[in-house]
$ cat model.cif   # mmCIF, C-alpha atoms
data_structure
#
loop_
_atom_site.group_PDB
_atom_site.id
_atom_site.type_symbol
_atom_site.label_atom_id
_atom_site.label_comp_id
_atom_site.auth_asym_id
_atom_site.auth_seq_id
_atom_site.Cartn_x
_atom_site.Cartn_y
_atom_site.Cartn_z
ATOM 1 C CA MET A 18 -11.661 -13.207 23.389
ATOM 2 C CA GLU A 19 -11.211 -10.198 25.643
ATOM 3 C CA LEU A 20 -9.816 -7.123 23.927
ATOM 4 C CA GLU A 21 -6.880 -6.888 26.341
ATOM 5 C CA VAL A 22 -5.969 -10.536 25.675
ATOM 6 C CA TRP A 23 -6.057 -9.787 21.947
ATOM 7 C CA ARG A 24 -3.729 -6.830 22.423
ATOM 8 C CA THR A 25 -1.217 -8.600 24.673
ATOM 9 C CA SER A 26 -1.065 -11.631 22.368
ATOM 10 C CA GLY A 27 -0.174 -9.423 19.406
ATOM 11 C CA LYS A 28 3.064 -7.796 18.267
ATOM 12 C CA TYR A 29 4.251 -4.560 16.665
ATOM 13 C CA PHE A 30 6.504 -3.744 13.759
ATOM 14 C CA LEU A 31 7.794 -0.396 12.533
ATOM 15 C CA PHE A 32 6.803 0.838 9.106
ATOM 16 C CA GLU A 33 8.366 4.167 8.123
ATOM 17 C CA GLY A 34 8.450 5.165 11.774
ATOM 18 C CA HIS A 35 4.879 4.058 12.553
ATOM 19 C CA ARG A 36 4.098 1.237 14.981
ATOM 20 C CA ILE A 37 1.718 -1.265 13.391
ATOM 21 C CA PHE A 38 -0.083 -3.829 15.532
ATOM 22 C CA TYR A 39 -0.485 -7.337 14.188
ATOM 23 C CA LYS A 40 -1.501 -10.736 15.469
ATOM 24 C CA GLU A 41 -0.633 -14.121 14.044
ATOM 25 C CA SER A 42 -1.389 -17.729 14.884
ATOM 26 C CA ASP A 43 0.936 -20.712 14.900
ATOM 27 C CA GLY A 44 1.085 -23.232 12.091
ATOM 28 C CA LEU A 45 4.011 -22.702 9.739
ATOM 29 C CA ASP A 46 2.877 -25.799 7.841
ATOM 30 C CA LYS A 47 -0.557 -24.299 7.081
ATOM 31 C CA PRO A 48 -1.534 -21.911 4.273
ATOM 32 C CA VAL A 49 -1.491 -18.244 5.296
ATOM 33 C CA LEU A 50 -4.800 -16.394 5.552
ATOM 34 C CA LEU A 51 -4.521 -12.617 5.766
ATOM 35 C CA LEU A 52 -7.504 -11.010 7.535
ATOM 36 C CA LEU A 53 -8.223 -7.392 6.568
ATOM 37 C CA HIS A 54 -10.587 -5.493 8.849
ATOM 38 C CA GLY A 55 -13.192 -2.824 8.270
ATOM 39 C CA PHE A 56 -13.849 0.811 9.147
ATOM 40 C CA PRO A 57 -13.709 2.135 11.833
ATOM 41 C CA THR A 58 -12.621 -0.845 13.920
ATOM 42 C CA ALA A 59 -9.566 -3.116 13.877
ATOM 43 C CA SER A 60 -8.231 -6.662 13.581
ATOM 44 C CA TRP A 61 -10.339 -7.588 16.615
ATOM 45 C CA ASP A 62 -13.222 -7.749 14.105
ATOM 46 C CA TRP A 63 -12.105 -11.335 13.500
ATOM 47 C CA TYR A 64 -11.934 -12.567 17.102
ATOM 48 C CA LYS A 65 -15.030 -14.801 16.913
ATOM 49 C CA MET A 66 -13.857 -16.506 13.722
ATOM 50 C CA TRP A 67 -10.241 -16.828 14.828
ATOM 51 C CA PRO A 68 -10.451 -20.203 16.683
ATOM 52 C CA ASP A 69 -12.209 -21.959 13.797
ATOM 53 C CA LEU A 70 -10.039 -20.422 11.086
ATOM 54 C CA GLU A 71 -6.759 -21.199 12.827
ATOM 55 C CA MET A 72 -7.592 -24.894 12.680
ATOM 56 C CA HIS A 73 -7.029 -24.677 8.927
ATOM 57 C CA PHE A 74 -4.791 -21.633 8.382
ATOM 58 C CA ARG A 75 -1.855 -19.730 9.717
ATOM 59 C CA LEU A 76 -3.692 -16.491 10.441
ATOM 60 C CA LEU A 77 -2.338 -12.972 10.136
ATOM 61 C CA ALA A 78 -4.329 -9.862 11.023
ATOM 62 C CA LEU A 79 -3.144 -6.293 11.440
ATOM 63 C CA ASP A 80 -4.600 -2.987 12.486
ATOM 64 C CA PHE A 81 -4.293 -0.559 9.596
ATOM 65 C CA LEU A 82 -2.513 2.697 10.328
ATOM 66 C CA GLY A 83 -4.991 4.954 12.139
ATOM 67 C CA PHE A 84 -6.992 2.023 13.497
ATOM 68 C CA GLY A 85 -7.072 -0.084 16.649
ATOM 69 C CA PHE A 86 -3.752 -0.462 18.431
ATOM 70 C CA SER A 87 -1.623 0.857 15.554
ATOM 71 C CA ASP A 88 -0.273 4.393 15.525
ATOM 72 C CA LYS A 89 -2.710 7.140 14.609
ATOM 73 C CA PRO A 90 -0.708 10.082 13.290
ATOM 74 C CA SER A 91 -2.597 13.253 12.466
ATOM 75 C CA ASP A 92 -0.010 14.663 10.063
ATOM 76 C CA ILE A 93 -0.202 12.190 7.189
ATOM 77 C CA LYS A 94 -2.590 11.517 4.338
ATOM 78 C CA TYR A 95 -4.366 8.201 4.808
ATOM 79 C CA THR A 96 -4.669 6.356 1.500
ATOM 80 C CA LEU A 97 -5.526 2.821 0.463
ATOM 81 C CA HIS A 98 -2.203 2.684 -1.375
ATOM 82 C CA TYR A 99 -0.309 3.415 1.830
ATOM 83 C CA GLN A 100 -2.301 0.825 3.772
ATOM 84 C CA ALA A 101 -1.430 -1.715 1.062
ATOM 85 C CA ASP A 102 2.248 -0.736 1.449
ATOM 86 C CA ILE A 103 1.939 -1.512 5.161
ATOM 87 C CA VAL A 104 0.358 -4.902 4.456
ATOM 88 C CA GLU A 105 3.197 -5.734 2.075
ATOM 89 C CA GLY A 106 5.605 -4.588 4.776
ATOM 90 C CA VAL A 107 4.323 -7.034 7.378
ATOM 91 C CA LEU A 108 4.213 -9.861 4.821
ATOM 92 C CA SER A 109 7.833 -9.166 3.952
ATOM 93 C CA ARG A 110 8.830 -8.971 7.615
ATOM 94 C CA LEU A 111 7.321 -12.397 8.247
ATOM 95 C CA ASP A 112 8.796 -13.870 5.033
ATOM 96 C CA ILE A 113 5.340 -14.738 3.710
ATOM 97 C CA THR A 114 5.476 -15.343 -0.023
ATOM 98 C CA GLU A 115 2.080 -16.962 -0.635
ATOM 99 C CA TYR A 116 -1.191 -16.095 1.048
ATOM 100 C CA HIS A 117 -4.968 -15.941 0.818
ATOM 101 C CA ILE A 118 -7.103 -12.929 1.834
ATOM 102 C CA LEU A 119 -10.380 -12.660 3.733
ATOM 103 C CA ALA A 120 -11.486 -9.020 3.682
ATOM 104 C CA HIS A 121 -14.482 -6.931 4.606
ATOM 105 C CA ASP A 122 -15.524 -3.294 4.351
ATOM 106 C CA TYR A 123 -12.439 -1.020 4.254
ATOM 107 C CA GLY A 124 -10.271 -4.128 3.949
ATOM 108 C CA VAL A 125 -11.995 -4.997 0.646
ATOM 109 C CA SER A 126 -10.592 -1.828 -0.911
ATOM 110 C CA VAL A 127 -7.088 -2.567 0.389
ATOM 111 C CA ALA A 128 -7.359 -6.131 -0.937
ATOM 112 C CA GLN A 129 -8.330 -4.773 -4.370
ATOM 113 C CA GLU A 130 -5.177 -2.650 -4.370
ATOM 114 C CA LEU A 131 -3.045 -5.669 -3.432
ATOM 115 C CA TYR A 132 -4.658 -7.661 -6.247
ATOM 116 C CA ALA A 133 -4.050 -4.851 -8.749
ATOM 117 C CA ARG A 134 -0.381 -4.830 -7.773
ATOM 118 C CA GLN A 135 -0.159 -8.560 -8.331
ATOM 119 C CA LEU A 136 -1.632 -8.185 -11.821
ATOM 120 C CA GLU A 137 0.865 -5.427 -12.627
ATOM 121 C CA ASN A 138 3.843 -7.369 -11.297
ATOM 122 C CA GLU A 139 2.632 -10.756 -12.579
ATOM 123 C CA THR A 140 3.412 -12.483 -9.284
ATOM 124 C CA ASN A 141 1.604 -15.430 -7.738
ATOM 125 C CA ASP A 142 1.902 -14.400 -4.088
ATOM 126 C CA LEU A 143 -1.834 -13.751 -3.669
ATOM 127 C CA LEU A 144 -3.540 -17.103 -4.170
ATOM 128 C CA SER A 145 -7.199 -16.169 -3.559
ATOM 129 C CA ILE A 146 -9.461 -13.477 -2.116
ATOM 130 C CA CYS A 147 -12.809 -13.771 -0.363
ATOM 131 C CA PHE A 148 -14.608 -10.426 -0.353
ATOM 132 C CA LEU A 149 -17.262 -9.890 2.293
ATOM 133 C CA ASN A 150 -19.265 -6.675 2.556
ATOM 134 C CA GLY A 151 -17.570 -3.694 0.983
ATOM 135 C CA GLY A 152 -17.759 -1.170 -1.836
ATOM 136 C CA LEU A 153 -16.572 -3.656 -4.454
ATOM 137 C CA PHE A 154 -18.890 -2.284 -7.154
ATOM 138 C CA ALA A 155 -19.175 1.494 -6.908
ATOM 139 C CA GLU A 156 -22.609 1.623 -8.560
ATOM 140 C CA MET A 157 -24.004 -0.810 -5.971
ATOM 141 C CA HIS A 158 -22.426 0.791 -2.908
ATOM 142 C CA ARG A 159 -24.871 2.439 -0.481
ATOM 143 C CA PRO A 160 -22.802 4.499 1.968
ATOM 144 C CA LEU A 161 -24.255 5.466 5.328
ATOM 145 C CA LEU A 162 -25.018 9.134 5.996
ATOM 146 C CA ILE A 163 -22.001 9.355 8.286
ATOM 147 C CA GLN A 164 -19.775 8.089 5.460
ATOM 148 C CA LYS A 165 -21.166 10.707 3.089
ATOM 149 C CA LEU A 166 -20.579 13.461 5.643
ATOM 150 C CA MET A 167 -16.967 12.350 6.072
ATOM 151 C CA LEU A 168 -16.423 13.018 2.372
ATOM 152 C CA SER A 169 -17.996 16.487 2.626
ATOM 153 C CA PRO A 170 -16.520 19.822 3.780
ATOM 154 C CA LEU A 171 -17.894 18.935 7.236
ATOM 155 C CA LYS A 172 -15.324 16.153 7.646
ATOM 156 C CA THR A 173 -13.018 18.218 9.859
ATOM 157 C CA ILE A 174 -15.686 18.776 12.498
ATOM 158 C CA MET A 175 -17.358 15.369 12.253
ATOM 159 C CA PRO A 176 -15.308 13.728 15.047
ATOM 160 C CA PHE A 177 -16.803 16.184 17.551
ATOM 161 C CA PHE A 178 -20.303 14.907 16.748
ATOM 162 C CA ILE A 179 -19.506 11.207 16.674
ATOM 163 C CA GLY A 180 -20.217 9.513 19.968
ATOM 164 C CA LYS A 181 -20.793 6.062 21.285
ATOM 165 C CA LYS A 182 -24.557 6.323 20.707
ATOM 166 C CA SER A 183 -24.119 7.153 17.016
ATOM 167 C CA LEU A 184 -21.684 4.251 16.682
ATOM 168 C CA GLU A 185 -24.214 1.864 18.219
ATOM 169 C CA LYS A 186 -26.956 3.175 15.918
ATOM 170 C CA ASN A 187 -24.853 2.671 12.795
ATOM 171 C CA PHE A 188 -23.610 -0.751 13.900
ATOM 172 C CA LYS A 189 -27.179 -1.948 14.346
ATOM 173 C CA LYS A 190 -27.640 -1.399 10.612
ATOM 174 C CA ILE A 191 -24.503 -3.379 9.782
ATOM 175 C CA PHE A 192 -25.025 -6.424 11.990
ATOM 176 C CA GLY A 193 -27.689 -8.993 11.146
ATOM 177 C CA PRO A 194 -30.920 -9.251 13.156
ATOM 178 C CA ASP A 195 -29.710 -12.398 14.926
ATOM 179 C CA THR A 196 -26.080 -11.362 15.316
ATOM 180 C CA GLN A 197 -26.235 -7.922 16.889
ATOM 181 C CA ALA A 198 -23.127 -6.813 18.774
ATOM 182 C CA SER A 199 -23.347 -7.152 22.547
ATOM 183 C CA LYS A 200 -22.899 -4.175 24.861
ATOM 184 C CA LYS A 201 -19.430 -5.463 25.762
ATOM 185 C CA GLU A 202 -18.481 -5.743 22.092
ATOM 186 C CA LEU A 203 -19.722 -2.222 21.403
ATOM 187 C CA ASP A 204 -17.693 -0.985 24.381
ATOM 188 C CA ASN A 205 -14.633 -2.684 22.894
ATOM 189 C CA PHE A 206 -15.219 -1.212 19.433
ATOM 190 C CA TRP A 207 -15.511 2.230 21.007
ATOM 191 C CA GLU A 208 -12.303 1.644 22.975
ATOM 192 C CA LEU A 209 -10.465 0.659 19.779
ATOM 193 C CA ILE A 210 -11.640 3.825 18.026
ATOM 194 C CA ASN A 211 -10.558 6.065 20.920
ATOM 195 C CA TYR A 212 -7.292 4.254 21.652
ATOM 196 C CA ASN A 213 -4.277 6.561 21.257
ATOM 197 C CA ASN A 214 -6.507 9.583 20.602
ATOM 198 C CA GLY A 215 -7.942 7.867 17.541
ATOM 199 C CA LYS A 216 -11.250 9.688 17.388
ATOM 200 C CA LYS A 217 -9.378 12.854 16.413
ATOM 201 C CA ILE A 218 -8.332 11.316 13.078
ATOM 202 C CA PHE A 219 -11.593 9.378 12.633
#
$ encode --input "model.cif" --output "structure tokens"
Amino acid sequence: MELEVWRTSGKYFLFEGHRIFYKESDGLDKPVLLLLHGFPTASWDWYKMWPDLEMHFRLLALDFLGFGFSDKPSDIKYTLHYQADIVEGVLSRLDITEYHILAHDYGVSVAQELYARQLENETNDLLSICFLNGGLFAEMHRPLLIQKLMLSPLKTIMPFFIGKKSLEKNFKKIFGPDTQASKKELDNFWELINYNNGKKIF
């Protein structure tokens, strides 16, 4: 699916003054599957799987704050807790009371927070989670050099040194040998990162 088609087929909702992009499929009679994307991309991560998954689920995917087509404010502190608040906000807006999660990378951490909240509140809203790649077990996590640098004192100047070439190099390590991203897909990922001056808050 073309990136522009993805954008125009989505919607926005306001969360504490921030516009959050989300996309959903039809099928009110189907179980809800919440798709949580990775860093540094957006809900478009799921575009190849979308047609097959929507045969079985009512799909919901959003761009976290600071990602994709959602707002990218530079004056807030980005936390996993706040991203989880946003997810709960869109679920509430759509009157979704039961759902499953498919999460990868950054989305795995947000899903863990949602699960922790369910355990604390003893609710049954979250029916199951499928974790893909992500830092689920801290002792097993092997962050890329760029991820380490973003946690260092150099983080404020890192965006100036991150370009499309470095993105392509890092993505080659993430994708499998037979499933490398195409040039068009890499162009789209780069567009999502830069959308609404996003590289500044990278």
$ residues_around --input "model.cif" --residues "Leu77 in chain A" --least-positions-apart "5" --cutoff "12 Å" --atoms "only C-alpha atoms" --output "ChimeraX atom specification"
/A:27-28,38-45,47-54,60-61,63-64,67,70-71,104,107-108,111,113,116-120
$ closest_residue --input "model.cif" --among "A:Cys147, A:Ile103, A:Val125, A:Ala198" --to "Phe81 in chain A" --atoms "only C-alpha atoms"
A:Ile103
$ resolve_selection --input "model.cif" --expression "the PyMOL selection byres ((chain A and resi 207) around 12)" --output "ChimeraX atom specification"
/A:20,57-59,61,84-85,179-185,188,200-206,208-212,214-216,219
$ residues_around --input "model.cif" --residues "range 93-99 of chain A" --least-positions-apart "6" --cutoff "9 Å" --atoms "all atoms listed in the file" --output "list in words"
Leu82, Gly83, Tyr123, Ser126, Val127, Glu130 and Leu131 of chain A
$ atom_distance --input "model.cif" --atom1 "CA of Gln129 in chain A" --atom2 "CA of Ile191 in chain A"
21.5 Å
$ atom_distance --input "model.cif" --atom1 "CA of Gln135 in chain A" --atom2 "CA of Asp92 in chain A"
29.6 Å
$ closest_residue --input "model.cif" --among "A:Ser169, A:Asn187, A:Gln197, A:Thr25" --to "Phe86 in chain A" --atoms "only C-alpha atoms"
A:Thr25
$ atom_distance --input "model.cif" --atom1 "CA of Asn213 in chain A" --atom2 "CA of Phe32 in chain A"
17.4 Å
$ build_atoms --input "model.cif" --residues "range 126-139 of chain A" --atoms "N, CA, C and O atoms" --output "PDB file, in the coordinates of the input"
ATOM      1  N   SER A 126     -11.263  -2.790  -0.033  1.00  0.00           N
ATOM      2  CA  SER A 126     -10.592  -1.828  -0.911  1.00  0.00           C
ATOM      3  C   SER A 126      -9.078  -2.019  -0.887  1.00  0.00           C
ATOM      4  O   SER A 126      -8.414  -1.907  -1.917  1.00  0.00           O
ATOM      5  N   VAL A 127      -8.526  -2.305   0.293  1.00  0.00           N
ATOM      6  CA  VAL A 127      -7.088  -2.567   0.389  1.00  0.00           C
ATOM      7  C   VAL A 127      -6.741  -3.856  -0.363  1.00  0.00           C
ATOM      8  O   VAL A 127      -5.733  -3.922  -1.071  1.00  0.00           O
ATOM      9  N   ALA A 128      -7.585  -4.866  -0.238  1.00  0.00           N
ATOM     10  CA  ALA A 128      -7.359  -6.131  -0.937  1.00  0.00           C
ATOM     11  C   ALA A 128      -7.390  -5.924  -2.456  1.00  0.00           C
ATOM     12  O   ALA A 128      -6.596  -6.535  -3.192  1.00  0.00           O
ATOM     13  N   GLN A 129      -8.280  -5.065  -2.933  1.00  0.00           N
ATOM     14  CA  GLN A 129      -8.330  -4.773  -4.370  1.00  0.00           C
ATOM     15  C   GLN A 129      -7.019  -4.148  -4.845  1.00  0.00           C
ATOM     16  O   GLN A 129      -6.534  -4.459  -5.934  1.00  0.00           O
ATOM     17  N   GLU A 130      -6.456  -3.271  -4.019  1.00  0.00           N
ATOM     18  CA  GLU A 130      -5.177  -2.650  -4.370  1.00  0.00           C
ATOM     19  C   GLU A 130      -4.059  -3.696  -4.411  1.00  0.00           C
ATOM     20  O   GLU A 130      -3.226  -3.689  -5.319  1.00  0.00           O
ATOM     21  N   LEU A 131      -4.057  -4.610  -3.447  1.00  0.00           N
ATOM     22  CA  LEU A 131      -3.045  -5.669  -3.432  1.00  0.00           C
ATOM     23  C   LEU A 131      -3.177  -6.557  -4.672  1.00  0.00           C
ATOM     24  O   LEU A 131      -2.175  -6.967  -5.273  1.00  0.00           O
ATOM     25  N   TYR A 132      -4.422  -6.834  -5.059  1.00  0.00           N
ATOM     26  CA  TYR A 132      -4.658  -7.661  -6.247  1.00  0.00           C
ATOM     27  C   TYR A 132      -4.199  -6.936  -7.515  1.00  0.00           C
ATOM     28  O   TYR A 132      -3.587  -7.534  -8.405  1.00  0.00           O
ATOM     29  N   ALA A 133      -4.480  -5.636  -7.590  1.00  0.00           N
ATOM     30  CA  ALA A 133      -4.050  -4.851  -8.749  1.00  0.00           C
ATOM     31  C   ALA A 133      -2.530  -4.861  -8.871  1.00  0.00           C
ATOM     32  O   ALA A 133      -1.983  -4.968  -9.978  1.00  0.00           O
ATOM     33  N   ARG A 134      -1.845  -4.789  -7.747  1.00  0.00           N
ATOM     34  CA  ARG A 134      -0.381  -4.830  -7.773  1.00  0.00           C
ATOM     35  C   ARG A 134       0.122  -6.182  -8.261  1.00  0.00           C
ATOM     36  O   ARG A 134       1.117  -6.262  -8.972  1.00  0.00           O
ATOM     37  N   GLN A 135      -0.563  -7.231  -7.868  1.00  0.00           N
ATOM     38  CA  GLN A 135      -0.159  -8.560  -8.331  1.00  0.00           C
ATOM     39  C   GLN A 135      -0.317  -8.664  -9.844  1.00  0.00           C
ATOM     40  O   GLN A 135       0.540  -9.216 -10.535  1.00  0.00           O
ATOM     41  N   LEU A 136      -1.414  -8.142 -10.375  1.00  0.00           N
ATOM     42  CA  LEU A 136      -1.632  -8.185 -11.821  1.00  0.00           C
ATOM     43  C   LEU A 136      -0.557  -7.398 -12.561  1.00  0.00           C
ATOM     44  O   LEU A 136      -0.084  -7.812 -13.620  1.00  0.00           O
ATOM     45  N   GLU A 137      -0.158  -6.258 -11.992  1.00  0.00           N
ATOM     46  CA  GLU A 137       0.865  -5.427 -12.627  1.00  0.00           C
ATOM     47  C   GLU A 137       2.233  -6.098 -12.594  1.00  0.00           C
ATOM     48  O   GLU A 137       3.006  -6.024 -13.548  1.00  0.00           O
ATOM     49  N   ASN A 138       2.519  -6.769 -11.476  1.00  0.00           N
ATOM     50  CA  ASN A 138       3.843  -7.369 -11.297  1.00  0.00           C
ATOM     51  C   ASN A 138       3.905  -8.818 -11.752  1.00  0.00           C
ATOM     52  O   ASN A 138       4.965  -9.437 -11.737  1.00  0.00           O
ATOM     53  N   GLU A 139       2.737  -9.374 -12.103  1.00  0.00           N
ATOM     54  CA  GLU A 139       2.632 -10.756 -12.579  1.00  0.00           C
ATOM     55  C   GLU A 139       3.269 -11.742 -11.594  1.00  0.00           C
ATOM     56  O   GLU A 139       4.047 -12.620 -11.947  1.00  0.00           O
TER      57      GLU A 139
END
